[in-house]
Each structure stands twice: as structure tokens, then as C-alpha cells.
>>> print(open('model21.txt').read())   # compact mmCIF, N, CA and C atoms
# COMPACT_ATOMS: atom_id res chain seq x y z
N MET N 1 -31.49 -8.41 10.63
CA MET N 1 -30.26 -7.86 11.15
C MET N 1 -29.10 -8.86 11.02
N ASN N 2 -29.37 -10.15 11.31
CA ASN N 2 -28.33 -11.17 11.20
C ASN N 2 -27.83 -11.31 9.77
N ASN N 3 -28.74 -11.20 8.79
CA ASN N 3 -28.35 -11.29 7.39
C ASN N 3 -27.43 -10.14 7.00
N THR N 4 -27.74 -8.95 7.48
CA THR N 4 -26.92 -7.78 7.18
C THR N 4 -25.53 -7.93 7.79
N LEU N 5 -25.48 -8.38 9.03
CA LEU N 5 -24.20 -8.58 9.71
C LEU N 5 -23.38 -9.66 9.00
N SER N 6 -24.03 -10.74 8.60
CA SER N 6 -23.35 -11.80 7.86
C SER N 6 -22.80 -11.29 6.54
N LEU N 7 -23.58 -10.46 5.85
CA LEU N 7 -23.14 -9.89 4.58
C LEU N 7 -21.93 -8.98 4.79
N ILE N 8 -21.95 -8.15 5.80
CA ILE N 8 -20.83 -7.25 6.09
C ILE N 8 -19.57 -8.04 6.43
N ILE N 9 -19.71 -9.04 7.27
CA ILE N 9 -18.56 -9.88 7.63
C ILE N 9 -18.02 -10.60 6.39
N GLY N 10 -18.92 -11.11 5.57
CA GLY N 10 -18.51 -11.77 4.33
C GLY N 10 -17.74 -10.84 3.40
N LEU N 11 -18.23 -9.60 3.27
CA LEU N 11 -17.54 -8.62 2.42
C LEU N 11 -16.16 -8.27 2.97
N ILE N 12 -16.06 -8.11 4.28
CA ILE N 12 -14.77 -7.80 4.89
C ILE N 12 -13.79 -8.95 4.67
N LEU N 13 -14.23 -10.17 4.88
CA LEU N 13 -13.36 -11.34 4.67
C LEU N 13 -12.94 -11.46 3.21
N THR N 14 -13.87 -11.20 2.30
CA THR N 14 -13.54 -11.25 0.87
C THR N 14 -12.48 -10.21 0.53
N PHE N 15 -12.63 -9.00 1.06
CA PHE N 15 -11.65 -7.95 0.83
C PHE N 15 -10.27 -8.35 1.35
N ILE N 16 -10.23 -8.91 2.55
CA ILE N 16 -8.95 -9.34 3.14
C ILE N 16 -8.30 -10.43 2.30
N ILE N 17 -9.08 -11.39 1.87
CA ILE N 17 -8.56 -12.49 1.05
C ILE N 17 -8.03 -11.95 -0.28
N LEU N 18 -8.82 -11.09 -0.95
CA LEU N 18 -8.39 -10.54 -2.24
C LEU N 18 -7.12 -9.69 -2.09
N SER N 19 -7.02 -8.92 -1.02
CA SER N 19 -5.82 -8.11 -0.78
C SER N 19 -4.59 -8.99 -0.59
N THR N 20 -4.76 -10.07 0.15
CA THR N 20 -3.65 -11.00 0.39
C THR N 20 -3.23 -11.69 -0.90
N VAL N 21 -4.19 -12.14 -1.68
CA VAL N 21 -3.90 -12.81 -2.96
C VAL N 21 -3.19 -11.83 -3.90
N ARG N 22 -3.65 -10.59 -3.95
CA ARG N 22 -3.02 -9.57 -4.81
C ARG N 22 -1.56 -9.38 -4.42
N LYS N 23 -1.29 -9.30 -3.12
CA LYS N 23 0.07 -9.12 -2.64
C LYS N 23 0.95 -10.30 -3.05
N ILE N 24 0.44 -11.49 -2.90
CA ILE N 24 1.19 -12.70 -3.27
C ILE N 24 1.49 -12.70 -4.76
N ILE N 25 0.50 -12.39 -5.57
CA ILE N 25 0.68 -12.36 -7.03
C ILE N 25 1.71 -11.31 -7.43
N LEU N 26 1.62 -10.12 -6.84
CA LEU N 26 2.58 -9.06 -7.17
C LEU N 26 3.99 -9.47 -6.81
N ASN N 27 4.17 -10.10 -5.67
CA ASN N 27 5.51 -10.54 -5.26
C ASN N 27 6.05 -11.63 -6.18
N ILE N 28 5.19 -12.54 -6.61
CA ILE N 28 5.63 -13.60 -7.53
C ILE N 28 6.01 -13.01 -8.88
N ARG N 29 5.18 -12.11 -9.39
CA ARG N 29 5.45 -11.52 -10.72
C ARG N 29 6.69 -10.64 -10.74
N SER N 30 7.03 -10.03 -9.61
CA SER N 30 8.18 -9.13 -9.58
C SER N 30 9.48 -9.83 -9.20
N LYS N 31 9.41 -11.05 -8.70
CA LYS N 31 10.58 -11.76 -8.20
C LYS N 31 11.70 -11.80 -9.25
N GLY N 32 12.86 -11.32 -8.84
CA GLY N 32 14.02 -11.32 -9.73
C GLY N 32 14.05 -10.16 -10.71
N LYS N 33 12.99 -9.37 -10.77
CA LYS N 33 12.92 -8.26 -11.71
C LYS N 33 13.14 -6.94 -11.00
N PHE N 34 12.46 -6.78 -9.89
CA PHE N 34 12.61 -5.59 -9.07
C PHE N 34 12.16 -5.92 -7.66
N LYS N 35 12.47 -5.01 -6.76
CA LYS N 35 12.18 -5.24 -5.35
C LYS N 35 10.99 -4.40 -4.92
N ASN N 36 10.01 -5.02 -4.28
CA ASN N 36 8.89 -4.29 -3.68
C ASN N 36 9.32 -3.89 -2.28
N ILE N 37 9.25 -2.59 -1.99
CA ILE N 37 9.69 -2.09 -0.69
C ILE N 37 8.58 -1.30 -0.01
N ASN N 38 8.64 -1.23 1.31
CA ASN N 38 7.67 -0.43 2.05
C ASN N 38 8.24 0.97 2.29
N ILE N 39 7.48 1.82 2.91
CA ILE N 39 7.87 3.21 3.11
C ILE N 39 9.14 3.33 3.96
N ASN N 40 9.28 2.49 4.99
CA ASN N 40 10.48 2.55 5.83
C ASN N 40 11.73 2.16 5.06
N ASP N 41 11.62 1.13 4.21
CA ASP N 41 12.74 0.72 3.37
C ASP N 41 13.12 1.84 2.41
N ALA N 42 12.12 2.49 1.83
CA ALA N 42 12.38 3.57 0.86
C ALA N 42 13.14 4.71 1.52
N VAL N 43 12.71 5.11 2.70
CA VAL N 43 13.39 6.20 3.42
C VAL N 43 14.82 5.80 3.75
N SER N 44 15.01 4.58 4.22
CA SER N 44 16.34 4.09 4.56
C SER N 44 17.26 4.06 3.34
N ILE N 45 16.77 3.52 2.24
CA ILE N 45 17.56 3.45 1.01
C ILE N 45 17.96 4.86 0.57
N TYR N 46 16.99 5.77 0.57
CA TYR N 46 17.25 7.13 0.12
C TYR N 46 18.24 7.86 1.04
N GLN N 47 18.09 7.70 2.33
CA GLN N 47 18.97 8.40 3.27
C GLN N 47 20.39 7.81 3.31
N ASN N 48 20.52 6.53 2.98
CA ASN N 48 21.84 5.89 3.00
C ASN N 48 22.55 5.90 1.66
N ASN N 49 21.88 6.35 0.62
CA ASN N 49 22.49 6.39 -0.72
C ASN N 49 21.98 7.62 -1.45
N LYS N 50 22.70 8.70 -1.34
CA LYS N 50 22.27 9.96 -1.98
C LYS N 50 22.30 9.88 -3.50
N ASP N 51 22.87 8.81 -4.07
CA ASP N 51 22.89 8.64 -5.52
C ASP N 51 21.64 7.95 -6.05
N VAL N 52 20.80 7.45 -5.15
CA VAL N 52 19.59 6.77 -5.59
C VAL N 52 18.66 7.79 -6.26
N GLY N 53 18.04 7.37 -7.34
CA GLY N 53 17.11 8.25 -8.05
C GLY N 53 15.68 8.01 -7.62
N LEU N 54 14.91 9.08 -7.56
CA LEU N 54 13.48 8.98 -7.26
C LEU N 54 12.71 9.23 -8.54
N ILE N 55 11.88 8.29 -8.92
CA ILE N 55 11.07 8.43 -10.13
C ILE N 55 9.60 8.44 -9.74
N ASP N 56 8.95 9.55 -10.05
CA ASP N 56 7.53 9.77 -9.76
C ASP N 56 6.76 9.50 -11.05
N VAL N 57 5.91 8.49 -11.04
CA VAL N 57 5.17 8.13 -12.26
C VAL N 57 3.72 8.60 -12.23
N ARG N 58 3.40 9.51 -11.29
CA ARG N 58 2.05 10.10 -11.28
C ARG N 58 1.88 10.97 -12.51
N SER N 59 0.65 11.27 -12.85
CA SER N 59 0.38 12.11 -14.02
C SER N 59 0.95 13.50 -13.79
N TYR N 60 1.22 14.20 -14.88
CA TYR N 60 1.76 15.55 -14.78
C TYR N 60 0.79 16.47 -14.04
N GLY N 61 -0.50 16.24 -14.23
CA GLY N 61 -1.52 17.03 -13.55
C GLY N 61 -1.49 16.82 -12.04
N GLU N 62 -1.32 15.56 -11.62
CA GLU N 62 -1.23 15.26 -10.19
C GLU N 62 -0.04 15.96 -9.55
N VAL N 63 1.09 15.92 -10.24
CA VAL N 63 2.29 16.55 -9.71
C VAL N 63 2.11 18.06 -9.64
N GLN N 64 1.51 18.62 -10.66
CA GLN N 64 1.27 20.06 -10.69
C GLN N 64 0.33 20.47 -9.55
N GLN N 65 -0.63 19.62 -9.26
CA GLN N 65 -1.64 19.92 -8.25
C GLN N 65 -1.12 19.72 -6.82
N SER N 66 -0.36 18.64 -6.59
CA SER N 66 0.01 18.31 -5.21
C SER N 66 1.49 18.47 -4.89
N GLY N 67 2.31 18.75 -5.88
CA GLY N 67 3.72 18.97 -5.61
C GLY N 67 4.59 17.77 -5.95
N TYR N 68 5.88 17.92 -5.64
CA TYR N 68 6.85 16.87 -5.97
C TYR N 68 7.94 16.84 -4.91
N ILE N 69 8.70 15.78 -4.89
CA ILE N 69 9.82 15.63 -3.98
C ILE N 69 11.05 16.21 -4.66
N LYS N 70 11.79 17.01 -3.92
CA LYS N 70 13.00 17.64 -4.45
C LYS N 70 13.92 16.59 -5.07
N ASN N 71 14.44 16.91 -6.23
CA ASN N 71 15.37 16.05 -6.98
C ASN N 71 14.72 14.80 -7.59
N SER N 72 13.40 14.69 -7.52
CA SER N 72 12.74 13.54 -8.16
C SER N 72 12.55 13.83 -9.64
N ILE N 73 12.36 12.77 -10.39
CA ILE N 73 12.11 12.88 -11.83
C ILE N 73 10.67 12.44 -12.05
N ASN N 74 9.88 13.29 -12.71
CA ASN N 74 8.49 12.93 -13.00
C ASN N 74 8.38 12.50 -14.46
N ILE N 75 8.12 11.22 -14.65
CA ILE N 75 7.81 10.68 -15.97
C ILE N 75 6.50 9.93 -15.80
N ALA N 76 5.43 10.53 -16.23
CA ALA N 76 4.10 9.97 -16.02
C ALA N 76 3.94 8.65 -16.75
N LEU N 77 3.41 7.66 -16.04
CA LEU N 77 3.18 6.36 -16.65
C LEU N 77 2.23 6.46 -17.84
N ASP N 78 1.30 7.42 -17.78
CA ASP N 78 0.35 7.56 -18.89
C ASP N 78 0.87 8.42 -20.04
N ASP N 79 2.13 8.83 -19.97
CA ASP N 79 2.76 9.58 -21.06
C ASP N 79 3.01 8.62 -22.22
N SER N 80 2.58 8.99 -23.41
CA SER N 80 2.75 8.11 -24.58
C SER N 80 4.23 7.86 -24.89
N LYS N 81 5.11 8.69 -24.37
CA LYS N 81 6.55 8.53 -24.60
C LYS N 81 7.28 8.06 -23.33
N PHE N 82 6.54 7.38 -22.45
CA PHE N 82 7.13 6.92 -21.19
C PHE N 82 8.39 6.10 -21.44
N ASP N 83 8.30 5.07 -22.29
CA ASP N 83 9.46 4.20 -22.53
C ASP N 83 10.64 4.99 -23.09
N GLU N 84 10.37 5.88 -24.00
CA GLU N 84 11.43 6.69 -24.61
C GLU N 84 12.10 7.58 -23.56
N LYS N 85 11.31 8.23 -22.73
CA LYS N 85 11.85 9.14 -21.72
C LYS N 85 12.60 8.39 -20.63
N ILE N 86 12.03 7.29 -20.15
CA ILE N 86 12.66 6.54 -19.07
C ILE N 86 13.96 5.89 -19.55
N SER N 87 14.02 5.54 -20.82
CA SER N 87 15.21 4.89 -21.39
C SER N 87 16.42 5.82 -21.41
N LYS N 88 16.20 7.11 -21.29
CA LYS N 88 17.32 8.07 -21.28
C LYS N 88 18.07 8.07 -19.95
N LEU N 89 17.48 7.45 -18.93
CA LEU N 89 18.11 7.39 -17.62
C LEU N 89 19.15 6.28 -17.57
N ASP N 90 20.07 6.37 -16.62
CA ASP N 90 21.12 5.36 -16.41
C ASP N 90 20.46 4.05 -15.96
N LYS N 91 20.60 3.01 -16.74
CA LYS N 91 19.94 1.73 -16.46
C LYS N 91 20.58 0.96 -15.31
N ASN N 92 21.79 1.35 -14.91
CA ASN N 92 22.48 0.66 -13.82
C ASN N 92 22.35 1.38 -12.48
N LYS N 93 21.80 2.56 -12.48
CA LYS N 93 21.61 3.33 -11.26
C LYS N 93 20.47 2.74 -10.44
N GLU N 94 20.51 2.93 -9.13
CA GLU N 94 19.41 2.46 -8.28
C GLU N 94 18.30 3.50 -8.26
N TYR N 95 17.05 3.03 -8.38
CA TYR N 95 15.89 3.92 -8.39
C TYR N 95 14.83 3.44 -7.40
N ILE N 96 14.12 4.41 -6.83
CA ILE N 96 12.90 4.15 -6.09
C ILE N 96 11.78 4.73 -6.94
N VAL N 97 10.84 3.89 -7.33
CA VAL N 97 9.73 4.31 -8.19
C VAL N 97 8.47 4.40 -7.34
N TYR N 98 7.77 5.51 -7.46
CA TYR N 98 6.56 5.70 -6.66
C TYR N 98 5.49 6.41 -7.46
N CYS N 99 4.26 6.29 -6.98
CA CYS N 99 3.11 7.00 -7.56
C CYS N 99 2.29 7.51 -6.38
N ALA N 100 0.99 7.39 -6.44
CA ALA N 100 0.17 7.83 -5.31
C ALA N 100 -0.06 6.70 -4.32
N SER N 101 -0.12 5.44 -4.82
CA SER N 101 -0.44 4.33 -3.92
C SER N 101 0.36 3.05 -4.16
N GLY N 102 1.02 2.93 -5.27
CA GLY N 102 1.81 1.73 -5.55
C GLY N 102 1.38 0.93 -6.76
N SER N 103 0.23 1.22 -7.33
CA SER N 103 -0.25 0.45 -8.49
C SER N 103 0.48 0.85 -9.78
N ARG N 104 0.51 2.14 -10.07
CA ARG N 104 1.18 2.59 -11.30
C ARG N 104 2.69 2.37 -11.22
N SER N 105 3.25 2.52 -10.03
CA SER N 105 4.70 2.32 -9.91
C SER N 105 5.05 0.86 -10.20
N TYR N 106 4.18 -0.04 -9.83
CA TYR N 106 4.40 -1.46 -10.14
C TYR N 106 4.47 -1.68 -11.65
N MET N 107 3.51 -1.08 -12.36
CA MET N 107 3.49 -1.21 -13.82
C MET N 107 4.73 -0.55 -14.44
N ALA N 108 5.14 0.59 -13.89
CA ALA N 108 6.34 1.27 -14.38
C ALA N 108 7.58 0.41 -14.18
N CYS N 109 7.67 -0.27 -13.03
CA CYS N 109 8.82 -1.12 -12.75
C CYS N 109 8.90 -2.29 -13.74
N ILE N 110 7.76 -2.86 -14.09
CA ILE N 110 7.75 -3.94 -15.09
C ILE N 110 8.30 -3.42 -16.41
N ARG N 111 7.84 -2.25 -16.82
CA ARG N 111 8.32 -1.67 -18.09
C ARG N 111 9.80 -1.33 -18.01
N MET N 112 10.25 -0.80 -16.88
CA MET N 112 11.67 -0.48 -16.72
C MET N 112 12.53 -1.74 -16.79
N TYR N 113 12.07 -2.81 -16.15
CA TYR N 113 12.80 -4.07 -16.21
C TYR N 113 12.93 -4.55 -17.65
N LYS N 114 11.84 -4.48 -18.40
CA LYS N 114 11.87 -4.91 -19.80
C LYS N 114 12.80 -4.05 -20.65
N LEU N 115 13.02 -2.80 -20.21
CA LEU N 115 13.91 -1.88 -20.93
C LEU N 115 15.37 -2.03 -20.50
N GLY N 116 15.63 -2.91 -19.53
CA GLY N 116 17.01 -3.20 -19.14
C GLY N 116 17.49 -2.57 -17.85
N PHE N 117 16.62 -1.96 -17.07
CA PHE N 117 17.02 -1.41 -15.78
C PHE N 117 17.31 -2.56 -14.82
N THR N 118 18.34 -2.39 -14.00
CA THR N 118 18.81 -3.51 -13.18
C THR N 118 18.64 -3.35 -11.67
N ASN N 119 18.35 -2.13 -11.19
CA ASN N 119 18.29 -1.91 -9.75
C ASN N 119 17.08 -1.05 -9.41
N ILE N 120 15.90 -1.67 -9.43
CA ILE N 120 14.64 -0.95 -9.30
C ILE N 120 13.96 -1.34 -7.99
N ASN N 121 13.49 -0.32 -7.27
CA ASN N 121 12.71 -0.52 -6.04
C ASN N 121 11.32 0.08 -6.24
N ASN N 122 10.30 -0.73 -6.06
CA ASN N 122 8.92 -0.29 -6.19
C ASN N 122 8.33 0.00 -4.81
N LEU N 123 7.94 1.26 -4.58
CA LEU N 123 7.32 1.61 -3.30
C LEU N 123 5.88 1.10 -3.30
N THR N 124 5.58 0.20 -2.37
CA THR N 124 4.24 -0.38 -2.27
C THR N 124 3.54 0.09 -1.00
N ARG N 125 2.21 0.07 -1.04
CA ARG N 125 1.36 0.43 0.09
C ARG N 125 1.64 1.82 0.64
N ALA N 126 2.19 2.67 -0.19
CA ALA N 126 2.45 4.08 0.16
C ALA N 126 2.71 4.79 -1.15
N GLY N 127 2.85 6.10 -1.06
CA GLY N 127 3.10 6.85 -2.28
C GLY N 127 3.68 8.22 -1.98
N TYR N 128 3.44 9.13 -2.89
CA TYR N 128 4.03 10.46 -2.83
C TYR N 128 3.84 11.13 -1.47
N PHE N 129 2.61 11.20 -0.98
CA PHE N 129 2.34 11.95 0.24
C PHE N 129 3.11 11.40 1.44
N GLN N 130 3.15 10.08 1.60
CA GLN N 130 3.86 9.47 2.71
C GLN N 130 5.38 9.67 2.56
N LEU N 131 5.88 9.43 1.35
CA LEU N 131 7.32 9.56 1.12
C LEU N 131 7.77 11.01 1.29
N ASN N 132 7.02 11.92 0.74
CA ASN N 132 7.36 13.33 0.84
C ASN N 132 7.41 13.79 2.30
N SER N 133 6.44 13.37 3.10
CA SER N 133 6.42 13.81 4.50
C SER N 133 7.59 13.25 5.30
N LEU N 134 8.06 12.05 4.95
CA LEU N 134 9.16 11.44 5.70
C LEU N 134 10.55 11.90 5.22
N LEU N 135 10.65 12.40 4.00
CA LEU N 135 11.93 12.84 3.48
C LEU N 135 12.22 14.31 3.74
N LYS N 136 11.26 15.02 4.31
CA LYS N 136 11.47 16.46 4.59
C LYS N 136 12.39 16.65 5.75
>>> encode(input="model21.txt", output="C-alpha cells")
Amino acid sequence: MNNTLSLIIGLILTFIILSTVRKIILNIRSKGKFKNININDAVSIYQNNKDVGLIDVRSYGEVQQSGYIKNSINIALDDSKFDEKISKLDKNKEYIVYCASGSRSYMACIRMYKLGFTNINNLTRAGYFQLNSLLK
């Protein structure tokens, strides 16, 4: 029993450490390129600036299945023409980029930065379902 408990505690601690390291790495890699924001920041930015764009990078199938936020733009990160489609947007406009959980939106923000976008907010530790429920 003690071995099992020790193993469980070890796994929990490993998970906590890896989660913390991942967060630190993501913040270092994004510094100066785009801003990582939480759900409360996203709602505040959106409510205080009606010109901010919402970019949903979930797959087209996910959006079809679970819905979308009014006035959002869906450009799936896995779309082979993602760069081409996203490049048609105003590169100086402010955007909040989201997916289901924050992983794909992070990758989309890196690509947007490389394409010349200047005001990008990456929604982290939340996604479509949380944002949609708070913006209604």
C-alpha cells in the first residue's frame, strides 16, 4: 500500500512540475511576440474594445459540432491554407486567438507573429466553451 501511495504522490508531483515548466517555457517563447491571457483578461479585452477580432483555430469539424462565437472568424490551424487565409486579415488589428484549450491557439499565434501580426492575444488555460459562456 505504501508503494502505491508513494507512486501516486510521485506522479502528481511530476505532473505539477511539468505543468509549471511548460507554462514558463510558453511565456519565455512568446515574450515580445504575443500576449498570453487568461479567460478574465479575454472577456475584459473583448467587452472594452468592440473592434477586437476573435479568431477560432479549432478544426472546422469541431466548430460544426459544437458551435461558434458570434462574429468570430474560424480559420482552422490544421487547414493547409492557414497562413494564406490568416494573412488576409488586418495585421495591425487586435485579436484574441482561441481553440479548445490553448495549445493550438499558441501555435497559431506563433505563425501569426511570423506573418507580421502586431497585436495578438493568446487565450490560455481556457477555450471556446469557457469564452462562449462568458460572452453571452
>>> atom_distance(input="model21.txt", atom1="atom CA of Lys81 of chain N", atom2="atom CA of Arg111 of chain N")
12.2 Å
>>> atom_distance(input="model21.txt", atom1="atom N of Ile55 of chain N", atom2="atom C of Leu18 of chain N")
27.0 Å
>>> atom_distance(input="model21.txt", atom1="atom CA of Thr118 of chain N", atom2="atom CA of Gln130 of chain N")
25.4 Å
>>> closest_residue(input="model21.txt", among="N:Met107, N:Ile75, N:Phe82, N:Gly10", to="Val63 of chain N", atoms="only C-alpha atoms")
N:Ile75
>>> closest_atom_pairs(input="model21.txt", of="segment 61-132 of chain N", to="segment 39-48 of chain N", cutoff="10 Å", atoms="only C-alpha atoms", output="JSON lines")
{"residue": "N:Glu94", "atom": "CA", "partner": "N:Ile45", "partner_atom": "CA", "distance": 9.5}
{"residue": "N:Tyr95", "atom": "CA", "partner": "N:Tyr46", "partner_atom": "CA", "distance": 9.2}
{"residue": "N:Ile96", "atom": "CA", "partner": "N:Ala42", "partner_atom": "CA", "distance": 7.0}
{"residue": "N:Val97", "atom": "CA", "partner": "N:Ala42", "partner_atom": "CA", "distance": 9.5}
{"residue": "N:Tyr98", "atom": "CA", "partner": "N:Ala42", "partner_atom": "CA", "distance": 9.7}
{"residue": "N:Asn121", "atom": "CA", "partner": "N:Ala42", "partner_atom": "CA", "distance": 8.0}
{"residue": "N:Asn122", "atom": "CA", "partner": "N:Ala42", "partner_atom": "CA", "distance": 8.8}
{"residue": "N:Leu123", "atom": "CA", "partner": "N:Ile39", "partner_atom": "CA", "distance": 6.6}
{"residue": "N:Thr124", "atom": "CA", "partner": "N:Ile39", "partner_atom": "CA", "distance": 7.4}
{"residue": "N:Arg125", "atom": "CA", "partner": "N:Ile39", "partner_atom": "CA", "distance": 7.7}
{"residue": "N:Ala126", "atom": "CA", "partner": "N:Ile39", "partner_atom": "CA", "distance": 6.2}
{"residue": "N:Gly127", "atom": "CA", "partner": "N:Ile39", "partner_atom": "CA", "distance": 8.1}
{"residue": "N:Gln130", "atom": "CA", "partner": "N:Ile39", "partner_atom": "CA", "distance": 7.4}
{"residue": "N:Leu131", "atom": "CA", "partner": "N:Ile39", "partner_atom": "CA", "distance": 6.7}
{"residue": "N:Asn132", "atom": "CA", "partner": "N:Val43", "partner_atom": "CA", "distance": 9.7}
>>> closest_residue(input="model21.txt", among="N:Asp90, N:Cys99, N:Leu54, N:Ile37", to="Ile73 of chain N", atoms="only N, CA and C atoms")
N:Leu54
>>> select_by_dssp(input="model21.txt", residues="chain N", states="strand (DSSP E)", output="count of residues only")
19
>>> closest_residue(input="model21.txt", among="N:Leu77, N:Ile9, N:Cys109, N:Ile120", to="Asn92 of chain N", atoms="all atoms listed in the file")
N:Ile120
>>> select_by_dssp(input="model21.txt", residues="segment 27-78 of chain N", states="alpha helix (DSSP H)", output="list in words")
Asn27, Ile28, Arg29, Ser30, Ile39, Asn40, Asp41, Ala42, Val43, Ser44, Ile45, Tyr46, Gln47, Asn48, Tyr60, Gly61, Glu62, Val63, Gln64, Gln65 and Ser66 of chain N
>>> axis_aligned_box(input="model21.txt", around="segment 42-50 of chain N", padding_each_side="5 Å", output="AutoDock Vina command-line options")
--center_x 17.4 --center_y 6.2 --center_z 0.5 --size_x 20.6 --size_y 17.5 --size_z 18.1
>>> closest_residue(input="model21.txt", among="N:Asn3, N:Lys88, N:Lys35, N:Tyr128", to="Ile69 of chain N", atoms="only N, CA and C atoms")
N:Tyr128
>>> residues_around(input="model21.txt", residues="Lys93 of chain N", least_positions_apart="6", cutoff="10 Å", atoms="only C-alpha atoms", output="list of chain:residue names")
N:Asp51, N:Val52, N:Gly53, N:Phe117, N:Thr118, N:Asn119, N:Ile120
